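Have a look at model-v8.cif; it's mmCIF, C-alpha atoms and all ligand atoms:
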```
data_my_file
#
loop_
_atom_site.label_atom_id
_atom_site.label_comp_id
_atom_site.auth_asym_id
_atom_site.auth_seq_id
_atom_site.Cartn_x
_atom_site.Cartn_y
_atom_site.Cartn_z
CA MET R 1 24.72 -15.98 -45.48
CA THR R 2 27.02 -13.04 -45.81
CA ASN R 3 24.76 -10.53 -47.47
CA LEU R 4 24.17 -7.19 -45.85
CA ARG R 5 21.11 -7.11 -43.67
CA PHE R 6 20.35 -3.64 -42.55
CA GLY R 7 17.11 -2.37 -41.16
CA GLU R 8 15.58 1.06 -40.84
CA ASP R 9 18.65 2.51 -39.22
CA GLN R 10 20.85 1.93 -42.26
CA ALA R 11 21.62 5.59 -42.78
CA ASP R 12 22.78 5.96 -39.16
CA LYS R 13 25.02 2.93 -39.45
CA LEU R 14 26.52 4.28 -42.64
CA ARG R 15 27.19 7.61 -40.97
CA GLU R 16 28.86 5.80 -38.09
CA ILE R 17 31.12 3.84 -40.44
CA VAL R 18 32.01 6.91 -42.47
CA ASN R 19 32.63 9.04 -39.39
CA ASN R 20 35.03 6.48 -38.00
CA LEU R 21 37.21 6.65 -41.04
CA ASN R 22 40.26 8.83 -41.40
CA GLU R 23 39.36 11.99 -43.22
CA LYS R 24 42.55 12.21 -45.19
CA PRO R 25 43.61 9.84 -47.93
CA GLY R 26 46.60 7.69 -47.06
CA ASP R 27 50.03 7.72 -48.62
CA ALA R 28 48.63 6.50 -51.90
CA ALA R 29 46.38 9.39 -52.59
CA GLU R 30 48.14 12.41 -51.24
CA PRO R 31 46.66 15.42 -52.96
CA GLU R 32 49.07 16.77 -55.54
CA ILE R 33 47.91 20.32 -55.11
CA GLU R 34 46.11 21.68 -52.10
CA LYS R 35 42.84 22.91 -53.49
CA GLU R 36 39.81 24.29 -51.80
CA THR R 37 37.58 21.46 -50.71
CA VAL R 38 34.92 20.81 -53.30
CA ALA R 39 32.52 17.92 -53.61
CA THR R 40 34.03 15.17 -55.71
CA ARG R 41 32.05 14.50 -58.85
CA LEU R 42 31.35 10.80 -59.00
CA ILE R 43 30.37 9.89 -62.53
CA ALA R 44 29.36 6.48 -63.85
CA VAL R 45 30.10 5.78 -67.50
CA THR R 46 27.75 3.17 -68.85
CA SER R 47 25.96 1.87 -71.94
CA GLY R 48 23.12 -0.47 -72.75
CA LYS R 49 25.02 -2.56 -75.25
CA GLY R 50 28.66 -3.62 -74.85
CA GLY R 51 31.52 -2.60 -77.09
CA VAL R 52 30.32 0.93 -77.83
CA GLY R 53 33.53 2.60 -76.65
CA LYS R 54 32.98 3.28 -72.91
CA THR R 55 36.43 2.25 -71.73
CA SER R 56 38.22 4.12 -74.46
CA PHE R 57 36.05 7.17 -73.78
CA THR R 58 36.58 7.01 -69.99
CA VAL R 59 40.36 6.82 -70.26
CA ASN R 60 40.67 9.67 -72.72
CA LEU R 61 38.14 11.85 -70.91
CA ALA R 62 40.07 11.32 -67.67
CA ILE R 63 43.25 12.54 -69.31
CA TRP R 64 41.61 15.68 -70.65
CA LEU R 65 40.00 16.46 -67.33
CA LYS R 66 43.46 16.13 -65.81
CA LYS R 67 44.88 18.45 -68.46
CA LEU R 68 42.23 20.98 -67.45
CA GLY R 69 43.74 20.97 -63.96
CA ASN R 70 41.57 18.40 -62.22
CA ARG R 71 42.60 15.48 -60.05
CA VAL R 72 41.08 12.36 -61.55
CA LEU R 73 40.63 8.78 -60.41
CA ILE R 74 39.23 6.02 -62.61
CA ILE R 75 37.68 2.97 -60.99
CA ASP R 76 37.39 0.04 -63.34
CA GLY R 77 34.19 -1.83 -62.71
CA ASP R 78 34.32 -3.45 -66.10
CA LEU R 79 34.70 -7.18 -66.37
CA GLY R 80 35.10 -7.05 -70.15
CA LEU R 81 38.24 -7.78 -72.02
CA ALA R 82 39.50 -4.31 -72.84
CA ASN R 83 40.06 -3.15 -69.30
CA ILE R 84 41.34 0.23 -68.26
CA GLU R 85 44.85 -1.03 -67.59
CA VAL R 86 45.08 -2.55 -71.05
CA LEU R 87 44.15 0.74 -72.69
CA LEU R 88 46.58 2.62 -70.45
CA GLY R 89 49.40 0.15 -70.96
CA VAL R 90 50.05 -0.02 -67.22
CA VAL R 91 50.24 -3.26 -65.26
CA PRO R 92 48.42 -2.68 -61.97
CA LYS R 93 50.06 -3.74 -58.74
CA SER R 94 46.84 -5.27 -57.40
CA SER R 95 43.13 -5.00 -58.11
CA LEU R 96 40.14 -3.85 -56.14
CA ASN R 97 39.23 -7.49 -55.83
CA ASP R 98 42.61 -8.27 -54.23
CA TYR R 99 42.09 -5.42 -51.80
CA LEU R 100 38.69 -6.71 -50.77
CA ASN R 101 39.98 -10.22 -50.24
CA SER R 102 43.22 -9.56 -48.40
CA ASP R 103 44.97 -7.17 -46.07
CA ILE R 104 46.98 -5.23 -48.61
CA PRO R 105 47.11 -1.47 -48.07
CA LEU R 106 45.01 0.86 -50.19
CA SER R 107 48.18 2.32 -51.68
CA GLN R 108 48.75 -0.98 -53.43
CA ILE R 109 45.68 -0.71 -55.64
CA ILE R 110 46.07 2.91 -56.62
CA ASN R 111 48.05 3.07 -59.80
CA LEU R 112 49.49 6.01 -61.57
CA GLY R 113 48.55 6.19 -65.24
CA PRO R 114 49.70 8.43 -68.07
CA ALA R 115 49.51 12.21 -67.60
CA GLY R 116 49.12 11.79 -63.85
CA ILE R 117 45.69 10.20 -63.70
CA GLN R 118 45.14 7.59 -61.00
CA PHE R 119 43.26 4.36 -61.49
CA ILE R 120 42.00 1.36 -59.60
CA SER R 121 41.76 -1.88 -61.51
CA GLY R 122 38.49 -3.71 -60.99
CA GLY R 123 38.70 -7.43 -60.67
CA SER R 124 35.15 -8.26 -59.71
CA GLY R 125 34.76 -5.38 -57.27
CA ILE R 126 32.10 -2.87 -58.15
CA THR R 127 29.74 -4.98 -60.21
CA GLY R 128 29.55 -7.47 -57.39
CA LEU R 129 28.78 -4.76 -54.90
CA ALA R 130 25.33 -5.99 -54.01
CA ASN R 131 26.77 -9.28 -52.82
CA LEU R 132 29.51 -7.93 -50.60
CA ASP R 133 29.53 -8.83 -46.95
CA ARG R 134 29.71 -6.10 -44.35
CA GLY R 135 33.50 -6.08 -44.06
CA LYS R 136 34.04 -5.75 -47.79
CA PHE R 137 31.35 -3.14 -48.11
CA LYS R 138 33.11 -1.15 -45.42
CA LYS R 139 36.31 -1.34 -47.41
CA ILE R 140 34.55 0.04 -50.48
CA ILE R 141 33.18 2.87 -48.38
CA GLU R 142 36.67 3.50 -47.09
CA ILE R 143 38.06 3.85 -50.58
CA MET R 144 35.30 6.17 -51.71
CA SER R 145 35.40 8.26 -48.53
CA LYS R 146 39.13 8.66 -48.59
CA PHE R 147 38.94 10.19 -52.00
CA ASP R 148 36.04 12.48 -51.22
CA SER R 149 37.20 16.05 -51.75
CA TYR R 150 40.75 14.91 -52.57
CA VAL R 151 40.04 14.24 -56.19
CA ASP R 152 37.82 16.34 -58.39
CA TYR R 153 36.45 13.46 -60.45
CA ILE R 154 35.93 9.77 -59.88
CA LEU R 155 34.99 8.14 -63.17
CA VAL R 156 33.60 4.63 -62.84
CA ASP R 157 33.59 2.47 -65.96
CA THR R 158 30.64 0.30 -65.03
CA GLY R 159 30.75 -2.09 -67.92
CA ALA R 160 27.72 -2.60 -70.13
CA GLY R 161 24.36 -4.03 -69.40
CA ILE R 162 21.24 -3.59 -67.45
CA SER R 163 21.83 -6.34 -64.97
CA ARG R 164 20.75 -5.78 -61.39
CA LYS R 165 24.27 -5.68 -60.04
CA VAL R 166 25.42 -2.96 -62.36
CA THR R 167 22.34 -0.87 -61.81
CA ASN R 168 22.50 -1.06 -58.01
CA PHE R 169 25.69 0.90 -58.20
CA MET R 170 24.38 3.04 -61.02
CA LEU R 171 21.20 3.92 -59.22
CA ALA R 172 23.11 5.47 -56.36
CA VAL R 173 25.17 7.70 -58.64
CA LYS R 174 23.86 11.16 -59.37
CA GLU R 175 25.69 11.72 -62.66
CA VAL R 176 25.61 9.13 -65.41
CA ILE R 177 27.23 9.35 -68.81
CA LEU R 178 25.42 7.05 -71.20
CA VAL R 179 27.46 6.09 -74.25
CA THR R 180 25.86 4.84 -77.43
CA ASN R 181 26.83 4.50 -81.06
CA PRO R 182 24.71 4.82 -84.21
CA GLU R 183 23.82 1.12 -84.45
CA PRO R 184 20.09 0.57 -83.95
CA THR R 185 20.75 -2.11 -81.30
CA SER R 186 22.96 0.24 -79.35
CA ILE R 187 20.30 2.96 -79.44
CA THR R 188 17.57 0.52 -78.35
CA ASP R 189 19.75 -0.74 -75.50
CA ALA R 190 20.57 2.82 -74.40
CA TYR R 191 16.85 3.43 -74.24
CA ALA R 192 16.37 0.19 -72.26
CA MET R 193 18.98 1.44 -69.80
CA LEU R 194 17.04 4.68 -69.32
CA LYS R 195 13.92 2.63 -68.76
CA VAL R 196 15.61 0.65 -65.96
CA MET R 197 16.57 3.93 -64.29
CA LYS R 198 13.02 5.18 -64.58
CA THR R 199 11.51 1.93 -63.30
CA ASN R 200 13.78 2.17 -60.27
CA ASN R 201 12.69 5.72 -59.72
CA HIS R 202 16.21 6.92 -60.24
CA ARG R 203 16.62 10.67 -60.30
CA CYS R 204 19.96 11.39 -61.83
CA ASP R 205 21.52 13.65 -64.34
CA VAL R 206 21.89 11.60 -67.55
CA LYS R 207 24.33 12.86 -70.11
CA LEU R 208 24.48 11.28 -73.52
CA VAL R 209 27.60 10.75 -75.63
CA VAL R 210 27.21 9.41 -79.16
CA ASN R 211 30.34 7.64 -80.28
CA ARG R 212 31.57 6.64 -83.73
CA VAL R 213 29.43 9.02 -85.75
CA GLN R 214 30.29 10.13 -89.28
CA ASP R 215 29.48 13.78 -88.64
CA ALA R 216 27.80 16.23 -86.27
CA ALA R 217 24.49 15.90 -88.10
CA GLU R 218 24.34 12.15 -87.47
CA ALA R 219 25.10 12.74 -83.78
CA GLN R 220 22.36 15.36 -83.55
CA GLU R 221 19.85 13.03 -85.15
CA ILE R 222 20.58 10.29 -82.60
CA MET R 223 20.53 12.72 -79.68
CA ASP R 224 17.16 14.05 -80.86
CA LYS R 225 15.77 10.55 -81.26
CA ILE R 226 16.83 9.32 -77.82
CA GLY R 227 16.01 12.66 -76.22
CA SER R 228 12.47 12.83 -77.55
CA VAL R 229 11.62 9.19 -76.79
CA ALA R 230 13.01 9.56 -73.24
CA ARG R 231 11.03 12.76 -72.70
CA LYS R 232 7.79 11.44 -74.18
CA PHE R 233 7.67 7.96 -72.69
CA LEU R 234 9.87 8.14 -69.62
CA ASP R 235 9.72 11.77 -68.61
CA ILE R 236 13.52 11.82 -68.44
CA GLU R 237 15.49 14.78 -69.69
CA VAL R 238 18.66 13.53 -71.36
CA ASN R 239 21.43 16.09 -71.66
CA ASN R 240 23.57 16.26 -74.73
CA LEU R 241 27.21 15.98 -73.67
CA GLY R 242 28.68 15.59 -77.14
CA TYR R 243 29.82 13.17 -79.78
CA ILE R 244 32.98 11.42 -80.95
CA LEU R 245 33.65 10.87 -84.62
CA ASP R 246 34.49 7.45 -85.92
CA ASP R 247 38.24 7.75 -86.16
CA ARG R 248 40.78 5.05 -87.02
CA HIS R 249 43.24 6.65 -84.58
CA VAL R 250 41.08 5.31 -81.76
CA SER R 251 41.64 1.65 -82.60
CA ARG R 252 45.29 2.33 -83.49
CA ALA R 253 45.80 3.81 -80.04
CA VAL R 254 44.02 0.82 -78.44
CA LYS R 255 46.46 -1.51 -80.17
CA LEU R 256 49.39 0.62 -79.01
CA GLN R 257 47.95 0.65 -75.48
CA GLU R 258 48.14 4.41 -75.31
CA PRO R 259 45.29 6.88 -74.93
CA PHE R 260 44.56 8.52 -78.30
CA VAL R 261 44.49 12.04 -76.82
CA LEU R 262 48.17 11.54 -75.97
CA ARG R 263 49.33 9.42 -78.90
CA PHE R 264 47.40 11.27 -81.61
CA PRO R 265 46.55 14.63 -80.02
CA GLY R 266 45.62 16.22 -83.33
CA CYS R 267 43.09 13.57 -84.36
CA LYS R 268 39.38 14.32 -84.68
CA ALA R 269 38.37 12.06 -81.82
CA ALA R 270 40.84 13.86 -79.52
CA LYS R 271 39.24 17.20 -80.38
CA ASN R 272 35.81 15.73 -79.60
CA ILE R 273 37.05 14.52 -76.19
CA GLU R 274 38.42 17.98 -75.47
CA ASP R 275 35.00 19.53 -76.21
CA ILE R 276 33.26 16.98 -73.99
CA ALA R 277 35.70 17.48 -71.10
CA GLU R 278 35.25 21.24 -71.27
CA ARG R 279 31.47 20.95 -71.36
CA LEU R 280 31.50 18.56 -68.42
CA ALA R 281 33.74 20.86 -66.39
CA LEU R 282 31.53 23.86 -67.22
CA ASN R 283 28.40 21.97 -66.15
CA GLY R 284 29.98 21.61 -62.72
CA GLU R 285 31.11 25.22 -62.44
CA PHE R 286 27.69 26.60 -63.19
CA GLY R 287 25.98 24.24 -60.83
CA GLU R 288 24.09 22.47 -63.60
CA SER R 289 25.51 19.14 -62.63
CA GLY R 290 23.58 16.81 -60.38
CA SER R 291 26.65 15.68 -58.44
CA ASP R 292 26.55 16.01 -54.69
CA GLY R 293 29.70 14.31 -53.46
CA VAL R 294 30.71 10.84 -52.46
CA ARG R 295 29.05 10.74 -49.06
CA ASN R 296 25.59 11.35 -50.46
CA PHE R 297 26.26 8.64 -52.98
CA LEU R 298 27.15 6.26 -50.16
CA ASN R 299 23.97 7.12 -48.33
CA ARG R 300 21.88 6.30 -51.38
CA LEU R 301 23.86 3.13 -52.08
CA TYR R 302 23.40 1.99 -48.53
CA GLY R 303 19.66 2.48 -48.78
CA LEU R 304 19.49 0.60 -52.07
CA LEU R 305 21.57 -2.31 -50.83
CA SER R 306 19.47 -2.70 -47.74
CA SER R 307 16.30 -2.68 -49.81
CA VAL R 308 17.45 -5.60 -51.96
CA ASN R 309 18.73 -7.75 -49.11
N1 LIG J 401 35.39 6.80 -81.93
C1 LIG J 401 35.83 5.60 -82.32
N2 LIG J 401 36.31 5.44 -83.59
C2 LIG J 401 36.78 4.25 -84.01
N3 LIG J 401 36.81 3.15 -83.25
C3 LIG J 401 36.35 3.24 -81.99
C4 LIG J 401 35.84 4.46 -81.45
N4 LIG J 401 35.47 4.24 -80.17
C5 LIG J 401 35.73 2.95 -79.92
N5 LIG J 401 36.27 2.33 -81.01
C6 LIG J 401 36.65 0.91 -81.12
O1 LIG J 401 35.75 0.12 -80.39
C7 LIG J 401 36.46 -0.80 -79.59
C8 LIG J 401 35.68 -1.05 -78.31
O2 LIG J 401 35.82 0.05 -77.46
P1 LIG J 401 35.79 -0.12 -75.87
O3 LIG J 401 36.56 -1.29 -75.44
O4 LIG J 401 36.13 1.20 -75.30
O5 LIG J 401 34.22 -0.42 -75.68
P2 LIG J 401 33.46 -0.75 -74.34
O6 LIG J 401 32.12 -0.10 -74.46
O7 LIG J 401 34.27 -0.40 -73.16
O8 LIG J 401 33.32 -2.33 -74.45
P3 LIG J 401 32.84 -3.36 -73.28
O9 LIG J 401 31.36 -3.19 -73.17
O10 LIG J 401 33.24 -4.70 -73.81
O11 LIG J 401 33.56 -2.96 -72.04
C9 LIG J 401 37.82 -0.18 -79.36
O12 LIG J 401 38.80 -1.13 -79.23
C10 LIG J 401 38.05 0.65 -80.58
O13 LIG J 401 38.77 -0.10 -81.53
MG MG J 402 34.90 -1.59 -71.56
#
```

Re-express the file's structure as structure tokens.
Amino acid sequence: MTNLRFGEDQADKLREIVNNLNEKPGDAAEPEIEKETVATRLIAVTSGKGGVGKTSFTVNLAIWLKKLGNRVLIIDGDLGLANIEVLLGVVPKSSLNDYLNSDIPLSQIINLGPAGIQFISGGSGITGLANLDRGKFKKIIEIMSKFDSYVDYILVDTGAGISRKVTNFMLAVKEVILVTNPEPTSITDAYAMLKVMKTNNHRCDVKLVVNRVQDAAEAQEIMDKIGSVARKFLDIEVNNLGYILDDRHVSRAVKLQEPFVLRFPGCKAAKNIEDIAERLALNGEFGESGSDGVRNFLNRLYGLLSSVN
């Protein structure tokens, strides 16, 4: 039995592990620019239903956030087919899974993507988090801690679904971007995702992105629908982060393995991503965001993991 078994003192043990780590990222993650230390915003990108455009959104958002002057790391927790590296057209040296199962240095799993974003390829890392033994869990903490304050954003593409394993990670994150599209099944599954958060007493900042809409009016209609149902039945306030138009440049860029904001910078979807990135950055500046850094995330995750073991 290798599962974590932690008692009441889990928070102390976590603190001990975190305190014993080096404060500074290793050679792989040297900060490009010395900035004032700010809490890293750890944001999970998720959806109820699969195939709604999370990975494509995550990659292009990351690039715009970088263009706005932020240091950005993507962690791929998606076990689907269209993984981050495929959309970026970069072959990763090794995956998070390799790192957890061998002695390779952290630098080997941190890959440089287009426009200077950094990414970690998933393997079966994050979604299997609840089943990690203590040593592997410590390695995950190491990764997260090393990046705390040295990147401005960590975007985690969690993959779709409301399975327990995905939500364990999700429930510890303070900021969640929920992606949906106009299909009724996608909207129902987005709502189901919100319900799981509520059932687990999760208090996070949920931001909604509606992808593949025909126009702003359609996006507004869907936002209003999800927003009012969430407010009425779940007492959750869903924030409107924006929408992305259905745009053939998106799938063309996927086929070319290049982010559409770089390959087709003038396209409508690229403009939508720009608006979303700016809104997200503004949220943070004005303190509206619910993010409170990586260490607090780890504390919550630790508590959640111990409660399920
Ligand atoms: N705004 C858009 N306009 C047109 N096509 C889009 C748009 N967004 C996504 N797509 C198409 O949808 C496909 C699926 O997108 P993506 O792989 O990002 O979804 P996903 O939610 O990550 O899927 P999974 O749940 O399998 O991980 C893309 O390959 C792309 O062709
Ligand atoms: Mg995906």

Please identify the residues whose atoms come within 9 Å of ligand LIG 401 (chain J), using only C-alpha atoms and all ligand atoms, and report them as JSON, numbers by chain.
-> {"R": [46, 47, 48, 49, 50, 51, 52, 53, 54, 55, 56, 57, 58, 59, 78, 79, 80, 81, 82, 83, 84, 87, 157, 158, 159, 160, 161, 179, 180, 181, 211, 212, 213, 243, 244, 245, 246, 247, 248, 249, 250, 251, 252, 253, 254, 255, 268, 269]}

Two-atom distance - CA of Ala230 (chain R), CA of His202 (chain R) (Å) = 13.6 Å

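Among the candidate residues R:Lys207, R:Val45, R:Phe233, R:Tyr153, the one lying nearest to Leu65 (chain R) is R:Tyr153, with distances computed using only C-alpha atoms.
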
Skipping near chain neighbours, those fewer than 3 positions away, what residues fall within 8 Å of Ile273 (chain R) using only C-alpha atoms, listed as a count of residues only?
-> 10

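Going from CA of Asp224 (chain R) over to CA of Pro259 (chain R), you cover 29.6 Å.
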
Computed gap from CA of Ala281 (chain R) to CA of Lys66 (chain R) is 10.8 Å

List every protein, DNA or RNA residue with an atom no more than 12 Å from (35.8, 11.4, -58.0) in the file's coordinates, counting all atoms listed in the file, and format the result as a PyMOL selection string.
-> chain R and resi 38-44+62+65-66+70-75+117-120+143-156+173+175+291-295+297

Which one is closest to ligand MG 402 (chain J): R:Asp76, R:Asp235, R:Ser107, R:Ala115? Count only C-alpha atoms and all ligand atoms.
-> R:Asp76
